[in-house]
Every structure is written in structure tokens, then in C-alpha cells.
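**Student:** Mind having a look at this structure? Questions to follow.
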Amino acid sequence: MKILFYLPSKAVNDATIYYTDLIKRAFVNNGYEVSTHQTVEHVNEFDLIVTIRVRDFVKVYFKNSKIPIISWQQGIGPEEFAMLNHYSLRARAISWAFSRAEKWVLRKSYYNFLVSDSMWKHYREKYNIPVDNHLIIPCYNKNLKPMCFNADLKKESSYVYAGTLFSWQCFEKTVALYQKIETKNPQASLTIFTREKEEALEVLRKYAIKNYEIKYVSLEELEQELSKFKYGFILREKHIINRVSTPTKMNSYLSVGLMPIYTDVIDSFEENLNLSPYSIKFNSDASLEAMANTIHAHNQAPINYGEFYDICQQNFENYYDDSYNISKIEKELIAGLKEN
């Protein structure tokens, strides 16, 4: 069987590359011939096609509707589009059309890769369709780095935020929280890794942050840079976008021994991760003052990085582990293909 991964250049990023490579490895391990193309020109030469965006699925389907197509849903696109565009009338209209297309893809796809159980439940409830042909694998792109779980590498009272500044990532709330931390501990420092330097600087100035650095480094450098810090922020608000998601930021932080400061709104993390006492988790309704007090107290307690590594290893085994997830693909998808 010949399998095509249809991956236009704009569909590819750090998270999608790792995820699709994981699926490819499962197919290759079982003797399938796998190819990757950025166009649909060669679609008819393949027996099975994998896409990672709704628009790409539609394009392939209308090129040849007889070839089975596997779809990966990284996030709930209609809701994300509406939020990013501030729920304008135009955004809501496009989101409605996007939803129609998304439902159609879920019904037509031979198989669906989803990132969380909550995403599956969301589709079932929103569209009133079973979506039974699915497999759940969270978004991640890093393995544990034992050498990074070392107190000598970590700058004391250091905090980091890495990523974009989309509204659902709560960047301003993060800065507001850090401002209270800095007030309690003038030695604290905040480092932000983002391409959006001017936007980040505007927020930092708004909250009169004193000890900060804004920088952007390549993906290859980011891992080493993150290993120098003690805490990483992943604050989110209660919203369906966050509830169904599995932000790669958690995986990136944990892989290099960063203790996450996060809120309890991501269902998959609540179901699959238990990092206590090497994390600081809050209810999304907690006040910034209460959060800052808890963080300040945690920062003063001794950290056993050897124990922290052991806890991360236990959490990774059945969640962020390549062998575990490839085995799931083989048992739940490839076994069925072989039977057919």
C-alpha cells in the first residue's frame, strides 16, 4: 500500500512535523511505502492519503473521492478563527462556513486523529455525529532531557513565557501576574521568547515590569535556552478552545526541567498529568494576588530535580512517549487496514 502525506508548506510547523512524522514511522514500521507531497498532482498514484487541514482534505477529496483520506484535527478551527477575529460579524459568518466544512470532513474521513478526548466529545455534541473512527494522541514534539534537570543550570527566581501572543494564550494576564511576583521578589526575572517583540514590549511597559528580556531564537536554540529557567507560564481561561487543546508548550517546558505554572482548564492535562509538587496549578478564577502568593512560597522551597525528573518520566510514559503512541497507531489504525 502506498500512502501520501499531503502537506502544503503553509500547513507545516514544528508541531505538525513531529506529529506527522510519528504517524509516518508507524506506517514505515509496518512495511508501507510513504511519500510526502506539497501538491495534489500525484494523488491518484496512492492508496491512502493523510491531510492535516480541513481545506487540504477538501482539495484531495474533490481530486479523487474514491481514495480513503485520514484527517488530523490539531485544533477546533471555527472557534479559533472567531476568537482571533474578535467575533466580528464577518468572523462569525466564516466560522459558520468553516464549521460546515469541518463536519463534512469528519463524516467523510476514513479515520481521524484527534488531540484529546474532549475534542472528540466536542465534535460529537456540536455536530451530532459519532466520530467513532478516531485515535487520540496529544500534541508534543520533545522527549525528556535528563541533563537539563539540574539545579545548577537554573537561574533562581526565573520565569519564562515562550510562544505567540494569541488572545487565548493569556499573555497579558501572565504579565499582570508576573508584576505581582516581581513586587514580592525584586530579584525575579521574566524572559519572553517570541517573534512579536513590539507587542510584548507594549504589554510589559503597561505593567511597568522592571526585570525582563524579550528575544527570539531558533527552534534548535530554544531547548537549550529554556533549560536555564525555573518556571514556565501556561495560563489559560475557561473556553472550549483551551478545554479541548493540548498545548505543546507543556511538553516543551517539562522536557527541559521547567516547572509549569498553569490553570486547570485543559481537560487532557487534568486527565493525564500529575506533576505535584513540581508544578503550580490554579483554578482559572483564582485572583492574581493569591496566585502570586502561592508562586512566591513555592519559589522559596527546595527543589529536588532528580525527583522532578522521575515524576516527569512517569507522566511521559503513557502520554508523550513515541513508542507508546506509535503502538496505539499500529493497534488501532494499521491493524484495521491490514484486515481490510
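By order in the C-alpha cells, chains are A, B, ...; within a chain, residues start at 1; ligands start at 1, following the order shown.
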Give me, as a PDB file with N, CA, C and O atoms, in the first residue's frame, all polymer residues having an atom no more than 7 Å from A:Phe5, counting only C-alpha atoms and skipping those fewer than 4 positions away in the same chain.
**Tutor:**
ATOM      1  N   SER A  35       5.140   8.578   1.130  1.00  0.00           N
ATOM      2  CA  SER A  35       5.682   9.738   0.410  1.00  0.00           C
ATOM      3  C   SER A  35       5.022  11.008   0.920  1.00  0.00           C
ATOM      4  O   SER A  35       3.897  10.976   1.429  1.00  0.00           O
ATOM      5  N   THR A  36       5.716  12.131   0.748  1.00  0.00           N
ATOM      6  CA  THR A  36       5.183  13.437   1.135  1.00  0.00           C
ATOM      7  C   THR A  36       5.199  14.355  -0.075  1.00  0.00           C
ATOM      8  O   THR A  36       6.208  14.441  -0.776  1.00  0.00           O
ATOM      9  N   HIS A  37       4.070  15.021  -0.325  1.00  0.00           N
ATOM     10  CA  HIS A  37       3.998  15.977  -1.431  1.00  0.00           C
ATOM     11  C   HIS A  37       3.296  17.250  -0.972  1.00  0.00           C
ATOM     12  O   HIS A  37       2.461  17.222  -0.067  1.00  0.00           O
ATOM     13  N   ILE A  49      -4.433   8.553   1.797  1.00  0.00           N
ATOM     14  CA  ILE A  49      -3.883   9.910   1.896  1.00  0.00           C
ATOM     15  C   ILE A  49      -4.098  10.442   3.302  1.00  0.00           C
ATOM     16  O   ILE A  49      -5.145  10.207   3.919  1.00  0.00           O
ATOM     17  N   VAL A  50      -3.111  11.180   3.812  1.00  0.00           N
ATOM     18  CA  VAL A  50      -3.195  11.810   5.130  1.00  0.00           C
ATOM     19  C   VAL A  50      -3.138  13.319   4.940  1.00  0.00           C
ATOM     20  O   VAL A  50      -2.236  13.837   4.262  1.00  0.00           O
ATOM     21  N   THR A  51      -4.097  14.039   5.525  1.00  0.00           N
ATOM     22  CA  THR A  51      -4.093  15.508   5.496  1.00  0.00           C
ATOM     23  C   THR A  51      -4.186  16.037   6.921  1.00  0.00           C
ATOM     24  O   THR A  51      -4.621  15.331   7.828  1.00  0.00           O
TER      25      THR A  51
END
**Student:** List the spatial neighbours of stretch 165-178 of chain A as a PyMOL selection string - criterion: any atom at most 9 Å away, only C-alpha atoms, same-chain residues fewer than 4 positions off excluded.
**Tutor:** chain A and resi 80+83-84+159+161+182-183+188-190+194+196+199-200+203-204+207+209+233-237+239+241-242+288-289+291-292
**Student:** As a CSV table (one decimal) with N, CA, C and O atoms, in the first residue's frame, please: all residues of stretch 127-337 of chain A that backbone DSSP puts in strand (DSSP E or B).
**Tutor:**
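What follows is the written file result09.csv:
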chain,number,residue,atom,x,y,z
A,134,HIS,N,-11.7,7.1,15.3
A,134,HIS,CA,-10.7,8.1,15.7
A,134,HIS,C,-9.6,7.5,16.6
A,134,HIS,O,-9.8,6.4,17.2
A,135,LEU,N,-8.5,8.2,16.7
A,135,LEU,CA,-7.4,7.9,17.7
A,135,LEU,C,-6.9,9.2,18.3
A,135,LEU,O,-6.8,10.2,17.6
A,136,ILE,N,-6.7,9.1,19.6
A,136,ILE,CA,-6.3,10.3,20.3
A,136,ILE,C,-4.8,10.3,20.7
A,136,ILE,O,-4.3,9.4,21.3
A,158,SER,N,13.6,32.6,38.3
A,158,SER,CA,13.5,33.0,36.9
A,158,SER,C,12.2,32.4,36.3
A,158,SER,O,11.8,31.2,36.5
A,159,TYR,N,11.5,33.2,35.4
A,159,TYR,CA,10.3,32.8,34.8
A,159,TYR,C,10.3,33.0,33.3
A,159,TYR,O,11.0,34.0,32.9
A,160,VAL,N,9.6,32.2,32.6
A,160,VAL,CA,9.7,32.3,31.1
A,160,VAL,C,8.4,32.1,30.5
A,160,VAL,O,7.5,31.4,31.0
A,161,TYR,N,8.2,32.8,29.4
A,161,TYR,CA,7.0,32.6,28.5
A,161,TYR,C,7.5,32.4,27.1
A,161,TYR,O,8.3,33.2,26.6
A,162,ALA,N,7.1,31.3,26.5
A,162,ALA,CA,7.6,31.1,25.1
A,162,ALA,C,6.4,30.9,24.2
A,162,ALA,O,5.5,30.1,24.5
A,189,SER,N,12.9,37.5,37.6
A,189,SER,CA,13.1,38.0,36.2
A,189,SER,C,12.2,37.2,35.3
A,189,SER,O,11.8,36.1,35.5
A,190,LEU,N,11.7,37.9,34.2
A,190,LEU,CA,10.8,37.3,33.2
A,190,LEU,C,11.5,37.4,31.8
A,190,LEU,O,11.9,38.5,31.4
A,191,THR,N,11.6,36.3,31.2
A,191,THR,CA,12.1,36.2,29.8
A,191,THR,C,11.0,35.7,28.9
A,191,THR,O,10.3,34.8,29.2
A,192,ILE,N,10.9,36.4,27.8
A,192,ILE,CA,9.9,36.1,26.8
A,192,ILE,C,10.5,35.7,25.5
A,192,ILE,O,11.3,36.5,24.9
A,193,PHE,N,10.2,34.6,25.0
A,193,PHE,CA,10.7,34.1,23.7
A,193,PHE,C,9.5,34.2,22.7
A,193,PHE,O,8.6,33.5,22.7
A,212,TYR,N,13.2,42.2,32.8
A,212,TYR,CA,12.7,41.4,31.7
A,212,TYR,C,13.6,41.3,30.5
A,212,TYR,O,14.5,42.2,30.4
A,213,GLU,N,13.4,40.4,29.7
A,213,GLU,CA,14.2,40.3,28.4
A,213,GLU,C,13.3,39.7,27.4
A,213,GLU,O,12.5,38.7,27.7
A,214,ILE,N,13.2,40.3,26.2
A,214,ILE,CA,12.5,39.7,25.1
A,214,ILE,C,13.4,39.3,24.0
A,214,ILE,O,14.3,40.1,23.6
A,215,LYS,N,13.3,38.1,23.5
A,215,LYS,CA,14.2,37.6,22.5
A,215,LYS,C,13.5,36.5,21.6
A,215,LYS,O,12.5,35.9,22.0
A,231,TYR,N,10.7,28.4,36.1
A,231,TYR,CA,9.3,28.2,35.9
A,231,TYR,C,8.9,28.7,34.5
A,231,TYR,O,9.5,29.6,33.9
A,232,GLY,N,7.8,28.0,34.0
A,232,GLY,CA,7.3,28.4,32.7
A,232,GLY,C,5.8,28.6,32.8
A,232,GLY,O,5.1,27.9,33.4
A,233,PHE,N,5.3,29.7,32.2
A,233,PHE,CA,3.9,30.1,32.3
A,233,PHE,C,3.0,29.4,31.2
A,233,PHE,O,3.4,29.5,30.0
A,234,ILE,N,1.9,28.8,31.6
A,234,ILE,CA,0.9,28.3,30.6
A,234,ILE,C,-0.5,28.6,31.1
A,234,ILE,O,-1.3,27.7,31.4
A,259,MET,N,9.4,23.9,35.6
A,259,MET,CA,8.2,23.7,36.4
A,259,MET,C,7.1,24.6,35.8
A,259,MET,O,7.2,25.8,35.8
A,260,PRO,N,5.9,24.0,35.4
A,260,PRO,CA,4.9,24.8,34.8
A,260,PRO,C,4.0,25.5,35.8
A,260,PRO,O,3.7,24.9,36.8
A,261,ILE,N,3.6,26.7,35.5
A,261,ILE,CA,2.6,27.5,36.2
A,261,ILE,C,1.4,27.5,35.3
A,261,ILE,O,1.5,28.2,34.2
A,262,TYR,N,0.3,26.8,35.6
A,262,TYR,CA,-0.8,26.7,34.7
A,262,TYR,C,-2.1,26.7,35.4
A,262,TYR,O,-2.2,26.6,36.6
A,263,THR,N,-3.2,26.8,34.5
A,263,THR,CA,-4.5,26.7,35.1
A,263,THR,C,-5.2,25.4,34.7
A,263,THR,O,-4.8,24.8,33.7
A,280,ILE,N,2.8,24.3,39.5
A,280,ILE,CA,1.9,25.2,40.3
A,280,ILE,C,0.6,25.4,39.5
A,280,ILE,O,0.6,26.0,38.4
A,281,LYS,N,-0.5,24.7,39.9
A,281,LYS,CA,-1.7,24.7,39.2
A,281,LYS,C,-2.8,25.5,39.9
A,281,LYS,O,-2.9,25.4,41.1
A,282,PHE,N,-3.5,26.3,39.1
A,282,PHE,CA,-4.5,27.2,39.7
A,282,PHE,C,-5.9,27.0,39.0
A,282,PHE,O,-6.0,26.6,37.9
**Student:** Would you mind telling me which residue in A:Tyr111, A:Phe57, A:Tyr123, A:Tyr87 lies nearest to A:Gly75 when using only C-alpha atoms?
**Tutor:**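 Among A:Tyr111, A:Phe57, A:Tyr123, A:Tyr87, it is A:Tyr123 that comes nearest to A:Gly75.
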**Student:** What lies within 12 Å of A:Lys10 using only C-alpha atoms, ignoring chain neighbours under 2 positions off, as a ChimeraX atom specification?
**Tutor:** /A:6-8,12-14,16-17,38-39,52-53,55-56
**Student:** Generate a file of the selected residues that holds all heavy atoms, formatted as a compact mmCIF listing (two decimals), in the first residue's frame.
**Tutor:**
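Contents of out.txt, as written:
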# COMPACT_ATOMS: atom_id res chain seq x y z
N TYR A 6 -0.18 14.59 2.29
CA TYR A 6 -0.33 15.84 1.55
C TYR A 6 -0.11 16.99 2.52
O TYR A 6 -0.98 17.31 3.34
CB TYR A 6 -1.71 15.91 0.90
CG TYR A 6 -2.02 17.24 0.25
CD1 TYR A 6 -1.09 17.87 -0.58
CD2 TYR A 6 -3.24 17.87 0.47
CE1 TYR A 6 -1.37 19.09 -1.17
CE2 TYR A 6 -3.53 19.09 -0.12
CZ TYR A 6 -2.59 19.70 -0.94
OH TYR A 6 -2.87 20.91 -1.51
N LEU A 7 1.07 17.62 2.44
CA LEU A 7 1.46 18.65 3.41
C LEU A 7 1.96 19.90 2.68
O LEU A 7 3.17 20.08 2.46
CB LEU A 7 2.58 18.12 4.33
CG LEU A 7 2.28 16.84 5.12
CD1 LEU A 7 3.52 16.38 5.88
CD2 LEU A 7 1.12 17.07 6.08
N PRO A 8 1.05 20.79 2.29
CA PRO A 8 1.48 22.07 1.71
C PRO A 8 2.39 22.82 2.68
O PRO A 8 2.26 22.66 3.91
CB PRO A 8 0.16 22.82 1.48
CG PRO A 8 -0.87 21.74 1.41
CD PRO A 8 -0.41 20.67 2.34
N VAL A 12 2.80 23.23 7.45
CA VAL A 12 3.87 22.60 8.22
C VAL A 12 4.47 23.58 9.23
O VAL A 12 4.82 24.71 8.90
CB VAL A 12 4.97 22.09 7.26
CG1 VAL A 12 6.14 21.52 8.04
CG2 VAL A 12 4.41 21.04 6.32
N ASN A 13 4.58 23.13 10.48
CA ASN A 13 5.30 23.87 11.51
C ASN A 13 5.92 22.85 12.46
O ASN A 13 5.86 21.64 12.22
CB ASN A 13 4.37 24.86 12.25
CG ASN A 13 3.18 24.15 12.88
OD1 ASN A 13 3.30 23.09 13.50
ND2 ASN A 13 1.99 24.74 12.72
N ASP A 14 6.53 23.34 13.54
CA ASP A 14 7.26 22.44 14.43
C ASP A 14 6.38 21.34 15.00
O ASP A 14 6.80 20.19 15.13
CB ASP A 14 7.88 23.25 15.58
CG ASP A 14 8.82 24.33 15.08
OD1 ASP A 14 9.41 24.13 14.00
OD2 ASP A 14 8.96 25.37 15.75
N THR A 16 3.35 20.23 13.74
CA THR A 16 2.79 19.34 12.73
C THR A 16 3.84 18.40 12.16
O THR A 16 3.54 17.25 11.82
CB THR A 16 2.13 20.13 11.59
OG1 THR A 16 3.09 21.01 10.99
CG2 THR A 16 0.97 20.96 12.11
N ILE A 17 5.09 18.86 12.05
CA ILE A 17 6.16 17.99 11.54
C ILE A 17 6.34 16.79 12.46
O ILE A 17 6.41 15.64 12.00
CB ILE A 17 7.48 18.77 11.42
CG1 ILE A 17 7.41 19.77 10.26
CG2 ILE A 17 8.66 17.82 11.21
CD1 ILE A 17 8.60 20.70 10.19
N GLN A 38 3.64 18.37 -1.62
CA GLN A 38 3.03 19.66 -1.30
C GLN A 38 1.90 20.01 -2.26
O GLN A 38 1.23 21.03 -2.09
CB GLN A 38 4.09 20.76 -1.32
CG GLN A 38 5.14 20.60 -0.23
CD GLN A 38 6.09 21.79 -0.18
OE1 GLN A 38 5.96 22.75 -0.93
NE2 GLN A 38 7.05 21.73 0.73
N THR A 39 1.69 19.19 -3.28
CA THR A 39 0.61 19.42 -4.23
C THR A 39 -0.22 18.14 -4.36
O THR A 39 0.19 17.07 -3.92
CB THR A 39 1.15 19.81 -5.62
OG1 THR A 39 1.78 18.66 -6.21
CG2 THR A 39 2.16 20.95 -5.51
N ILE A 52 -3.79 17.31 7.11
CA ILE A 52 -3.80 17.87 8.46
C ILE A 52 -4.57 19.20 8.54
O ILE A 52 -4.52 19.86 9.57
CB ILE A 52 -2.38 18.04 9.01
CG1 ILE A 52 -1.57 19.06 8.18
CG2 ILE A 52 -1.63 16.71 9.04
CD1 ILE A 52 -0.20 19.38 8.78
N ARG A 53 -5.25 19.56 7.45
CA ARG A 53 -6.11 20.75 7.48
C ARG A 53 -7.40 20.45 6.73
O ARG A 53 -7.41 19.68 5.77
CB ARG A 53 -5.41 21.95 6.83
CG ARG A 53 -4.13 22.40 7.50
CD ARG A 53 -3.60 23.69 6.90
NE ARG A 53 -3.40 23.60 5.45
CZ ARG A 53 -2.89 24.59 4.70
NH1 ARG A 53 -2.55 25.74 5.26
NH2 ARG A 53 -2.74 24.42 3.40
N ARG A 55 -9.09 22.35 4.70
CA ARG A 55 -9.04 22.77 3.29
C ARG A 55 -8.28 21.77 2.43
O ARG A 55 -8.60 21.56 1.26
CB ARG A 55 -8.40 24.16 3.18
CG ARG A 55 -6.91 24.19 3.41
CD ARG A 55 -6.35 25.58 3.48
NE ARG A 55 -6.63 26.21 4.75
CZ ARG A 55 -6.07 27.34 5.17
NH1 ARG A 55 -5.24 27.99 4.38
NH2 ARG A 55 -6.37 27.85 6.33
N ASP A 56 -7.24 21.14 3.01
CA ASP A 56 -6.46 20.16 2.26
C ASP A 56 -7.26 18.89 2.02
O ASP A 56 -7.17 18.28 0.96
CB ASP A 56 -5.16 19.85 3.01
CG ASP A 56 -4.29 21.08 3.20
OD1 ASP A 56 -4.40 22.00 2.37
OD2 ASP A 56 -3.52 21.13 4.17
**Student:** As an NGL selection string, please: all residues of stretch 247-337 of chain A that backbone DSSP puts in helix (DSSP H, G or I).
**Tutor:** :A and (248-255 or 267-272 or 288-300 or 305-317 or 322-337)
**Student:** Which of these, A:Val54, A:His122, A:Asn325, A:Tyr61, has the shortest distance to A:Phe98 once you count only C-alpha atoms?
**Tutor:** A:Val54
